[in-house]
Amino acid sequence: MIDIVGDEHDTGPPGRRNPTSTLLKNLRHDIPASVVVFLVAVPLSLGVAHAAGAPLLAGLVSAVVGGLVASLCGGSALQVSGPSAALTVVLAETIAAFGWAATCAITAAAGVVQILFGISRVAKAALAISPAIVHGLLAGIGLIIVLGQLHVVLGGAAQGSAIANVLALPGQLVGHHDQAALIGVVTVGVLLAWTRMPSSVRRVPGPLAAVAVATGLSVAAGMDLPRVDLPNGLPGLGFVPEAPSGSWAAIAAAVLSIALIASLESLLSALAIDKLRDGPRTDLNRELIGQGLANVAAGSFGGFPVTGVVVRTMTNFEAGARTRMSTILHSVWILGCCLFLTDALRLIPLAALAGLLVYVGAKLVNLTSLREVRRHGDLPVYLATLTGAVAVNLLTGVVAGIAVALVLMLRRMLFSGIHVEPDGARTRVVIEGALTFLSVPRLTTVLAGVPERAEVTLELFVDYLDHAAFDCLRGWQRAHERAGGVVIVDEIGHPWFGRGKAGVPTVRRGVASRVVPRWLAPWSEWQAEHLELPGQRGGSVPLCRGASEFQRRTAPLLRRTWDGLADGQRPHTLFVTCGDARIVPNLITTSGPGDLFTVRNIGNLVPHASTEADFSVGAAIEYAVGLLRVREVVVCGHSGCGAMKALLGDAPTGFVRLGGWLRHGEQTLRRRESEGPVLLDGARPDRETDQLALHNVVQQLENLRSYPVVDAALARGELRLTGMYFDVGKASVYLLDAAHRSFTSAASPVSS
């Protein structure tokens, strides 16, 4: 029996509960988590606004207004929304072009676009964007932030572009460094050192600690530095965003840039938290609508654009939050801070916020993600996105990344699926994947290199073949055969090429018949394809051809597995089954080399230990249980068993040893007479032989207990006995439920 318990971050398991009790129980976790997120959010909100050149209070307004709306309306229970470093670059450009009041209107318009995204249900389409593009874009944003804020940390001012920041950086490094540089360096140093502090110390969020230390140092030393400039209260509700003036194309680009970046980061953050927690998955379309409403509200109240922020969301989860009440309360605490702790916030040096942004920007250049991208062969996509974002702008970076990803995809389709393999005196041309008109140039080049009059095996592992590719293959085959060569078409899977030659091509993948892979199907189902060439691969004997097929196709895949088994076997199961050719133990149990110690005989019989007429089965049992220490013994019967027919009186005559062996099944006949029926999926099988086969499995399990080695292992709790039945016609496996004297489908749970 499997016990299902509520997870620490469960968002609402089924069952009736007292709403008040549940709320109070969750609040014990949500309130402390909301305080931790609040302590992280305040310095980050101020730093992000400062980096973008927005009023510092705008960052806090967004954390309060936007964070609250997104928490109430979004599709993720634990997602924390607020100002994000990912938007600082595009916001800085927008503010410089249109002014702050117009930027607020653009933020609200971007929110409307996000709402339209959510209503049109395109959220999942965003997941089609390559992770290399996403990570490259984030790295580009991080690099731009670092290059700009590093100048501020060193006591200077950021330049107008990332390239200008790079060119001016050497002079800034060797120039005069004042008190602001000291505060910036201290902030970065505390953040770097904080990750190595004891866990008890790290309960205080690193950003809060760094800003607090830098602020305390500046105040204690009496430093005269630019500090956070906040008004005496929140802006009045009379604030009205101004409609931007200028090029409509530039306005539309700004709106779209904010909407796309905010949507993408929010979706990525929601998916990241979904991977860590149990419970319902995020409704991505609702999340976009919630983020859009949050940006409409934030822009209307003079705030910074809002996104779901990965750093805050992860902090919320790790702090133990259970419901969206944690994210709601974090906005409430920020509001209280704005109303009652304004004087404390005014003490924070701007250099400390710049140092915080340098650290956050550097974290966006995630080396773990870079290694993952490189392993998947998408490093060019990553670099193109990063370079475009840094050198031009963010949208250019995305477009460049998509273009390179498409080029790589086409290259992989054109080159990776067509190659030549040596095959003794023959030539083997292997074609894999989708073969379309795009592949024809590469296909023609490969086929042109095949020697004239050679015997060629053309192996097609294709899951789609279009007209242009078919014509290319068909034309080459005819030309090669006219020149005296031999072409053997070996089509694995759906017969795309064969149906085309027959004049009835399959034009869509969806209507292609599902074909059993030939390494699983009986030889008889595919050997007939080659009867016209009996000399192929060692002759017409199926087993010889099958051995050749194994050596060439399967052995390379399993060589490491067999290499690990070279010094001895360690099977986990003794599998006793009938010698019937229709029963393939490894296939019906999804097992492989080294898993099963298999004993096969007529009728899957286990002679009682007291019987001395046959020692082979008993020797196998003692060896498997006593020496190999298998953990399970399975007895598997099957439908249509010839041994059961013989026991019921339909035994062939003239076979002395067969008759002597079947005497071990007489106990099964007596059991059928004395015991009630054994059911199969709650009913008796129609055929009497199948009814007897079920009794036979139960009887052989009892016979196993007569062996001292089995009985001792059962007593120690080291062995389990399992009854199994295979319905050949239905290709269905059933397991014995001993408690209910019934065999139930292997897809259903069985009580021990």
# chains A, B, ... in the order shown; residues from 1 in each chain; ligands from 1
>>> select_by_dssp(residues="range 637-719 of chain A", states="helix (DSSP H, G or I)", output="VMD selection string")
chain A and resid 642 to 650 656 to 674 688 to 704 708 to 715
>>> residues_around(residues="range 488-503 of chain A", least_positions_apart="3", cutoff="6 Å", atoms="only C-alpha atoms", output="PyMOL selection string")
chain A and resi 457-461+515
>>> write_last_selection(atoms="N, CA, C and O atoms", output="tab-separated table (two decimals), in the first residue's frame")
chain	number	residue	atom	x	y	z
A	457	THR	N	23.24	-1.83	-49.75
A	457	THR	CA	22.08	-1.95	-48.88
A	457	THR	C	21.64	-0.55	-48.49
A	457	THR	O	22.40	0.20	-47.87
A	458	LEU	N	20.43	-0.20	-48.87
A	458	LEU	CA	19.89	1.13	-48.58
A	458	LEU	C	18.96	1.00	-47.38
A	458	LEU	O	17.85	0.49	-47.48
A	459	GLU	N	19.44	1.41	-46.20
A	459	GLU	CA	18.66	1.28	-44.97
A	459	GLU	C	17.92	2.58	-44.69
A	459	GLU	O	18.54	3.64	-44.54
A	460	LEU	N	16.61	2.49	-44.60
A	460	LEU	CA	15.77	3.67	-44.37
A	460	LEU	C	15.14	3.59	-43.00
A	460	LEU	O	14.28	2.75	-42.74
A	461	PHE	N	15.59	4.46	-42.09
A	461	PHE	CA	14.99	4.60	-40.77
A	461	PHE	C	14.18	5.90	-40.74
A	461	PHE	O	14.26	6.67	-39.80
A	515	VAL	N	4.34	0.58	-36.81
A	515	VAL	CA	5.03	-0.68	-37.11
A	515	VAL	C	5.89	-1.07	-35.91
A	515	VAL	O	6.60	-0.24	-35.35
>>> closest_residue(among="A:Ala58, A:Leu658, A:Ile289, A:Ala108", to="Phe304 in chain A", atoms="only C-alpha atoms")
A:Ala58
>>> closest_atom_pairs(of="range 594-679 of chain A", to="range 571-581 of chain A", cutoff="9 Å", atoms="only C-alpha atoms", output="JSON lines")
{"residue": "A:Gly594", "atom": "CA", "partner": "A:Pro571", "partner_atom": "CA", "distance": 5.3}
{"residue": "A:Asp595", "atom": "CA", "partner": "A:Pro571", "partner_atom": "CA", "distance": 4.4}
{"residue": "A:Leu596", "atom": "CA", "partner": "A:Thr573", "partner_atom": "CA", "distance": 5.1}
{"residue": "A:Phe597", "atom": "CA", "partner": "A:Leu574", "partner_atom": "CA", "distance": 4.7}
{"residue": "A:Thr598", "atom": "CA", "partner": "A:Phe575", "partner_atom": "CA", "distance": 4.7}
{"residue": "A:Val599", "atom": "CA", "partner": "A:Val576", "partner_atom": "CA", "distance": 4.8}
{"residue": "A:Arg600", "atom": "CA", "partner": "A:Gly579", "partner_atom": "CA", "distance": 5.0}
{"residue": "A:Asn601", "atom": "CA", "partner": "A:Gly579", "partner_atom": "CA", "distance": 4.9}
{"residue": "A:Ile602", "atom": "CA", "partner": "A:Cys578", "partner_atom": "CA", "distance": 5.4}
{"residue": "A:Gly603", "atom": "CA", "partner": "A:Cys578", "partner_atom": "CA", "distance": 5.0}
{"residue": "A:Asn604", "atom": "CA", "partner": "A:Cys578", "partner_atom": "CA", "distance": 4.3}
{"residue": "A:Leu605", "atom": "CA", "partner": "A:Cys578", "partner_atom": "CA", "distance": 7.9}
{"residue": "A:Val606", "atom": "CA", "partner": "A:Val576", "partner_atom": "CA", "distance": 8.2}
{"residue": "A:Ala620", "atom": "CA", "partner": "A:Leu574", "partner_atom": "CA", "distance": 8.7}
{"residue": "A:Ile621", "atom": "CA", "partner": "A:Leu574", "partner_atom": "CA", "distance": 7.7}
{"residue": "A:Ala624", "atom": "CA", "partner": "A:Leu574", "partner_atom": "CA", "distance": 6.4}
{"residue": "A:Val625", "atom": "CA", "partner": "A:Leu574", "partner_atom": "CA", "distance": 7.9}
{"residue": "A:Leu628", "atom": "CA", "partner": "A:Pro571", "partner_atom": "CA", "distance": 7.2}
{"residue": "A:Arg629", "atom": "CA", "partner": "A:His572", "partner_atom": "CA", "distance": 7.7}
{"residue": "A:Val630", "atom": "CA", "partner": "A:His572", "partner_atom": "CA", "distance": 4.6}
{"residue": "A:Arg631", "atom": "CA", "partner": "A:His572", "partner_atom": "CA", "distance": 5.5}
{"residue": "A:Glu632", "atom": "CA", "partner": "A:Thr573", "partner_atom": "CA", "distance": 4.8}
{"residue": "A:Val633", "atom": "CA", "partner": "A:Leu574", "partner_atom": "CA", "distance": 4.6}
{"residue": "A:Val634", "atom": "CA", "partner": "A:Phe575", "partner_atom": "CA", "distance": 4.9}
{"residue": "A:Val635", "atom": "CA", "partner": "A:Val576", "partner_atom": "CA", "distance": 4.8}
{"residue": "A:Cys636", "atom": "CA", "partner": "A:Thr577", "partner_atom": "CA", "distance": 4.8}
{"residue": "A:Gly637", "atom": "CA", "partner": "A:Thr577", "partner_atom": "CA", "distance": 6.2}
{"residue": "A:His638", "atom": "CA", "partner": "A:Cys578", "partner_atom": "CA", "distance": 7.9}
{"residue": "A:Cys641", "atom": "CA", "partner": "A:Asp580", "partner_atom": "CA", "distance": 7.7}
{"residue": "A:Gly642", "atom": "CA", "partner": "A:Asp580", "partner_atom": "CA", "distance": 8.4}
{"residue": "A:Ala643", "atom": "CA", "partner": "A:Cys578", "partner_atom": "CA", "distance": 8.9}
>>> write_last_selection(atoms="N, CA, C and O atoms", output="compact mmCIF listing (two decimals), in the first residue's frame")
# COMPACT_ATOMS: atom_id res chain seq x y z
N GLY A 594 21.13 -9.83 -17.80
CA GLY A 594 21.51 -9.86 -16.39
C GLY A 594 20.37 -9.74 -15.42
O GLY A 594 20.58 -9.83 -14.20
N ASP A 595 19.13 -9.56 -15.89
CA ASP A 595 18.00 -9.36 -14.98
C ASP A 595 17.32 -10.67 -14.56
O ASP A 595 16.96 -10.84 -13.40
N LEU A 596 17.11 -11.57 -15.51
CA LEU A 596 16.32 -12.78 -15.26
C LEU A 596 17.19 -14.03 -15.36
O LEU A 596 17.94 -14.21 -16.32
N PHE A 597 17.07 -14.91 -14.34
CA PHE A 597 17.61 -16.27 -14.42
C PHE A 597 16.42 -17.13 -14.83
O PHE A 597 15.52 -17.38 -14.03
N THR A 598 16.40 -17.58 -16.08
CA THR A 598 15.19 -18.15 -16.68
C THR A 598 15.25 -19.67 -16.74
O THR A 598 16.26 -20.24 -17.18
N VAL A 599 14.15 -20.29 -16.31
CA VAL A 599 13.97 -21.74 -16.43
C VAL A 599 12.72 -21.97 -17.27
O VAL A 599 11.63 -21.50 -16.91
N ARG A 600 12.86 -22.71 -18.38
CA ARG A 600 11.73 -22.96 -19.26
C ARG A 600 11.53 -24.46 -19.39
O ARG A 600 12.50 -25.22 -19.54
N ASN A 601 10.27 -24.87 -19.33
CA ASN A 601 9.95 -26.28 -19.56
C ASN A 601 8.52 -26.39 -20.05
O ASN A 601 7.79 -25.39 -20.11
N ILE A 602 8.11 -27.58 -20.41
CA ILE A 602 6.75 -27.80 -20.88
C ILE A 602 5.77 -27.59 -19.73
O ILE A 602 5.79 -28.34 -18.74
N GLY A 603 4.94 -26.56 -19.82
CA GLY A 603 3.90 -26.32 -18.82
C GLY A 603 4.33 -25.52 -17.62
O GLY A 603 3.59 -25.45 -16.63
N ASN A 604 5.53 -24.90 -17.64
CA ASN A 604 6.07 -24.14 -16.50
C ASN A 604 5.83 -24.87 -15.18
O ASN A 604 5.30 -24.32 -14.21
N LEU A 605 6.25 -26.14 -15.13
CA LEU A 605 6.04 -26.99 -13.96
C LEU A 605 7.23 -26.91 -13.02
O LEU A 605 8.39 -26.83 -13.46
N VAL A 606 6.95 -26.97 -11.71
CA VAL A 606 7.98 -27.03 -10.68
C VAL A 606 7.74 -28.33 -9.90
O VAL A 606 6.85 -28.39 -9.05
N ALA A 620 18.20 -25.66 -10.62
CA ALA A 620 18.13 -24.25 -10.98
C ALA A 620 17.59 -23.41 -9.83
O ALA A 620 18.06 -22.29 -9.58
N ILE A 621 16.59 -23.94 -9.11
CA ILE A 621 16.02 -23.21 -7.97
C ILE A 621 17.08 -23.03 -6.88
O ILE A 621 17.25 -21.93 -6.33
N ALA A 624 19.73 -20.45 -8.09
CA ALA A 624 19.27 -19.07 -8.17
C ALA A 624 19.00 -18.48 -6.79
O ALA A 624 19.38 -17.34 -6.50
N VAL A 625 18.34 -19.26 -5.92
CA VAL A 625 17.95 -18.74 -4.60
C VAL A 625 19.10 -18.84 -3.61
O VAL A 625 19.36 -17.91 -2.83
N LEU A 628 22.82 -17.31 -6.11
CA LEU A 628 22.68 -15.99 -6.74
C LEU A 628 21.88 -15.02 -5.89
O LEU A 628 21.89 -13.82 -6.14
N ARG A 629 21.15 -15.55 -4.89
CA ARG A 629 20.37 -14.71 -3.97
C ARG A 629 19.36 -13.83 -4.69
O ARG A 629 19.26 -12.62 -4.45
N VAL A 630 18.63 -14.40 -5.64
CA VAL A 630 17.58 -13.63 -6.30
C VAL A 630 16.56 -13.18 -5.26
O VAL A 630 16.35 -13.84 -4.23
N ARG A 631 15.92 -12.06 -5.51
CA ARG A 631 14.96 -11.50 -4.56
C ARG A 631 13.52 -11.87 -4.87
O ARG A 631 12.62 -11.56 -4.11
N GLU A 632 13.30 -12.49 -6.04
CA GLU A 632 11.93 -12.83 -6.43
C GLU A 632 11.96 -14.06 -7.33
O GLU A 632 12.88 -14.26 -8.11
N VAL A 633 10.93 -14.91 -7.16
CA VAL A 633 10.73 -16.04 -8.06
C VAL A 633 9.36 -15.86 -8.70
O VAL A 633 8.36 -15.69 -8.01
N VAL A 634 9.32 -15.88 -10.03
CA VAL A 634 8.08 -15.70 -10.78
C VAL A 634 7.76 -17.00 -11.52
O VAL A 634 8.64 -17.58 -12.17
N VAL A 635 6.51 -17.45 -11.38
CA VAL A 635 6.02 -18.55 -12.20
C VAL A 635 5.00 -17.96 -13.17
O VAL A 635 4.02 -17.34 -12.75
N CYS A 636 5.28 -18.10 -14.46
CA CYS A 636 4.44 -17.47 -15.48
C CYS A 636 3.79 -18.53 -16.37
O CYS A 636 4.47 -19.26 -17.09
N GLY A 637 2.45 -18.60 -16.31
CA GLY A 637 1.68 -19.43 -17.22
C GLY A 637 1.15 -18.59 -18.36
O GLY A 637 1.38 -17.38 -18.42
N HIS A 638 0.39 -19.24 -19.27
CA HIS A 638 -0.11 -18.48 -20.41
C HIS A 638 -1.35 -19.14 -21.00
O HIS A 638 -1.65 -20.32 -20.72
N CYS A 641 -2.11 -23.02 -23.59
CA CYS A 641 -0.95 -23.83 -23.27
C CYS A 641 -1.19 -25.29 -23.69
O CYS A 641 -2.17 -25.93 -23.27
N GLY A 642 -0.29 -25.83 -24.51
CA GLY A 642 -0.42 -27.21 -24.96
C GLY A 642 -0.31 -28.20 -23.83
O GLY A 642 -0.94 -29.27 -23.86
N ALA A 643 0.51 -27.90 -22.80
CA ALA A 643 0.64 -28.82 -21.67
C ALA A 643 -0.68 -28.94 -20.92
O ALA A 643 -1.04 -30.04 -20.44
>>> closest_residue(among="A:Ala52, A:Leu587, A:Ile145, A:Ala97", to="Leu357 in chain A", atoms="only C-alpha atoms")
A:Ile145
>>> residues_around(residues="Ser245 in chain A", least_positions_apart="6", cutoff="12 Å", atoms="only C-alpha atoms", output="VMD selection string")
chain A and resid 94 97 to 99 101 to 103 105 to 106 251 to 252
>>> residues_around(residues="Asp471 in chain A", least_positions_apart="4", cutoff="12 Å", atoms="only C-alpha atoms", output="list in words")
Leu435, Thr436, Phe437, Val440, Leu443, Thr444, Leu465, Asp466, His467, Gly475, Trp476, Gln477, Arg478, Phe497, Gly500, Lys501 and Pro505 of chain A
>>> closest_residue(among="A:Asp283, A:Trp100, A:Ala738, A:Leu408", to="Thr722 in chain A", atoms="only C-alpha atoms")
A:Ala738
>>> closest_residue(among="A:Val511, A:Ala109, A:Ala249, A:Ala132", to="Asn366 in chain A", atoms="only C-alpha atoms")
A:Ala132
>>> closest_residue(among="A:Met325, A:Leu60, A:Glu718, A:Trp661", to="Ser616 in chain A", atoms="only C-alpha atoms")
A:Trp661
>>> closest_atom_pairs(of="range 32-52 of chain A", to="range 203-224 of chain A", cutoff="10 Å", atoms="only C-alpha atoms", output="CSV")
residue,atom,partner,partner_atom,distance
A:Val36,CA,A:Pro205,CA,7.1
A:Val37,CA,A:Pro205,CA,8.6
A:Phe38,CA,A:Leu208,CA,9.8
A:Leu39,CA,A:Leu208,CA,6.2
A:Val40,CA,A:Pro207,CA,6.1
A:Ala41,CA,A:Pro207,CA,8.8
A:Val42,CA,A:Leu208,CA,8.2
A:Pro43,CA,A:Leu208,CA,6.6
A:Leu44,CA,A:Pro207,CA,7.5
>>> atom_distance(atom1="CA of Arg375 in chain A", atom2="CA of Ala139 in chain A")
17.5 Å
>>> closest_residue(among="A:Val185, A:Val146, A:Val392, A:Ala651", to="Val166 in chain A", atoms="only C-alpha atoms")
A:Val146
>>> residues_around(residues="Gln172 in chain A", least_positions_apart="3", cutoff="8 Å", atoms="only C-alpha atoms", output="list in words")
His151, Leu154, Gly156, Ala168, Leu169, Gly175 and His176 of chain A
>>> select_by_dssp(residues="range 374-605 of chain A", states="strand (DSSP E)", output="VMD selection string")
chain A and resid 418 to 423 426 to 435 455 to 465 486 to 491 573 to 578 596 to 601
>>> residues_around(residues="Val152 in chain A", least_positions_apart="3", cutoff="9 Å", atoms="only C-alpha atoms", output="PDB file with all heavy atoms, in the first residue's frame")
ATOM      1  N   GLY A 148      27.539  48.707 -17.024  1.00  0.00           N
ATOM      2  CA  GLY A 148      27.086  50.049 -16.673  1.00  0.00           C
ATOM      3  C   GLY A 148      27.290  50.370 -15.203  1.00  0.00           C
ATOM      4  O   GLY A 148      27.835  51.431 -14.845  1.00  0.00           O
ATOM      5  N   GLN A 149      26.887  49.474 -14.311  1.00  0.00           N
ATOM      6  CA  GLN A 149      26.955  49.751 -12.875  1.00  0.00           C
ATOM      7  C   GLN A 149      28.375  49.677 -12.322  1.00  0.00           C
ATOM      8  O   GLN A 149      28.654  50.247 -11.270  1.00  0.00           O
ATOM      9  CB  GLN A 149      26.042  48.776 -12.129  1.00  0.00           C
ATOM     10  CG  GLN A 149      24.579  48.929 -12.464  1.00  0.00           C
ATOM     11  CD  GLN A 149      24.079  50.346 -12.201  1.00  0.00           C
ATOM     12  OE1 GLN A 149      24.236  50.886 -11.112  1.00  0.00           O
ATOM     13  NE2 GLN A 149      23.480  50.960 -13.219  1.00  0.00           N
ATOM     14  N   GLY A 155      32.992  54.931  -8.892  1.00  0.00           N
ATOM     15  CA  GLY A 155      32.931  56.372  -8.657  1.00  0.00           C
ATOM     16  C   GLY A 155      32.677  57.210  -9.874  1.00  0.00           C
ATOM     17  O   GLY A 155      32.739  58.440  -9.806  1.00  0.00           O
ATOM     18  N   GLY A 156      32.376  56.592 -11.013  1.00  0.00           N
ATOM     19  CA  GLY A 156      32.113  57.339 -12.235  1.00  0.00           C
ATOM     20  C   GLY A 156      30.646  57.296 -12.603  1.00  0.00           C
ATOM     21  O   GLY A 156      29.774  57.144 -11.748  1.00  0.00           O
ATOM     22  N   ALA A 157      30.364  57.431 -13.891  1.00  0.00           N
ATOM     23  CA  ALA A 157      28.990  57.407 -14.396  1.00  0.00           C
ATOM     24  C   ALA A 157      28.936  56.475 -15.594  1.00  0.00           C
ATOM     25  O   ALA A 157      29.889  56.389 -16.386  1.00  0.00           O
ATOM     26  CB  ALA A 157      28.535  58.809 -14.794  1.00  0.00           C
ATOM     27  N   ALA A 158      27.820  55.768 -15.730  1.00  0.00           N
ATOM     28  CA  ALA A 158      27.644  54.842 -16.840  1.00  0.00           C
ATOM     29  C   ALA A 158      27.553  55.601 -18.154  1.00  0.00           C
ATOM     30  O   ALA A 158      27.030  56.716 -18.215  1.00  0.00           O
ATOM     31  CB  ALA A 158      26.392  53.995 -16.618  1.00  0.00           C
ATOM     32  N   ALA A 180      32.654  56.663  -2.763  1.00  0.00           N
ATOM     33  CA  ALA A 180      31.602  55.879  -3.406  1.00  0.00           C
ATOM     34  C   ALA A 180      32.143  54.538  -3.890  1.00  0.00           C
ATOM     35  O   ALA A 180      31.479  53.490  -3.782  1.00  0.00           O
ATOM     36  CB  ALA A 180      30.999  56.660  -4.576  1.00  0.00           C
ATOM     37  N   ALA A 181      33.373  54.554  -4.413  1.00  0.00           N
ATOM     38  CA  ALA A 181      33.981  53.303  -4.876  1.00  0.00           C
ATOM     39  C   ALA A 181      34.176  52.338  -3.716  1.00  0.00           C
ATOM     40  O   ALA A 181      33.948  51.122  -3.845  1.00  0.00           O
ATOM     41  CB  ALA A 181      35.307  53.591  -5.560  1.00  0.00           C
ATOM     42  N   GLY A 184      30.812  50.782  -2.875  1.00  0.00           N
ATOM     43  CA  GLY A 184      30.415  49.808  -3.893  1.00  0.00           C
ATOM     44  C   GLY A 184      31.179  48.512  -3.766  1.00  0.00           C
ATOM     45  O   GLY A 184      30.612  47.412  -3.848  1.00  0.00           O
ATOM     46  N   LEU A 350      23.733  55.409  -2.997  1.00  0.00           N
ATOM     47  CA  LEU A 350      23.457  54.889  -4.335  1.00  0.00           C
ATOM     48  C   LEU A 350      24.565  53.942  -4.796  1.00  0.00           C
ATOM     49  O   LEU A 350      24.321  53.016  -5.576  1.00  0.00           O
ATOM     50  CB  LEU A 350      23.328  56.059  -5.326  1.00  0.00           C
ATOM     51  CG  LEU A 350      22.137  56.997  -5.097  1.00  0.00           C
ATOM     52  CD1 LEU A 350      22.107  58.071  -6.183  1.00  0.00           C
ATOM     53  CD2 LEU A 350      20.826  56.226  -5.079  1.00  0.00           C
ATOM     54  N   ALA A 351      25.784  54.151  -4.315  1.00  0.00           N
ATOM     55  CA  ALA A 351      26.886  53.262  -4.672  1.00  0.00           C
ATOM     56  C   ALA A 351      26.636  51.841  -4.160  1.00  0.00           C
ATOM     57  O   ALA A 351      27.055  50.864  -4.790  1.00  0.00           O
ATOM     58  CB  ALA A 351      28.198  53.803  -4.116  1.00  0.00           C
ATOM     59  N   ALA A 354      24.351  50.267  -6.583  1.00  0.00           N
ATOM     60  CA  ALA A 354      25.098  49.920  -7.798  1.00  0.00           C
ATOM     61  C   ALA A 354      25.886  48.631  -7.593  1.00  0.00           C
ATOM     62  O   ALA A 354      25.936  47.759  -8.471  1.00  0.00           O
ATOM     63  CB  ALA A 354      26.025  51.061  -8.189  1.00  0.00           C
ATOM     64  N   GLY A 355      26.518  48.488  -6.428  1.00  0.00           N
ATOM     65  CA  GLY A 355      27.241  47.253  -6.124  1.00  0.00           C
ATOM     66  C   GLY A 355      26.315  46.054  -6.109  1.00  0.00           C
ATOM     67  O   GLY A 355      26.667  44.970  -6.594  1.00  0.00           O
TER      68      GLY A 355
END
>>> residues_around(residues="Pro131 in chain A", least_positions_apart="3", cutoff="9 Å", atoms="only C-alpha atoms", output="ChimeraX atom specification")
/A:127-128,134-136,369,373,378,382
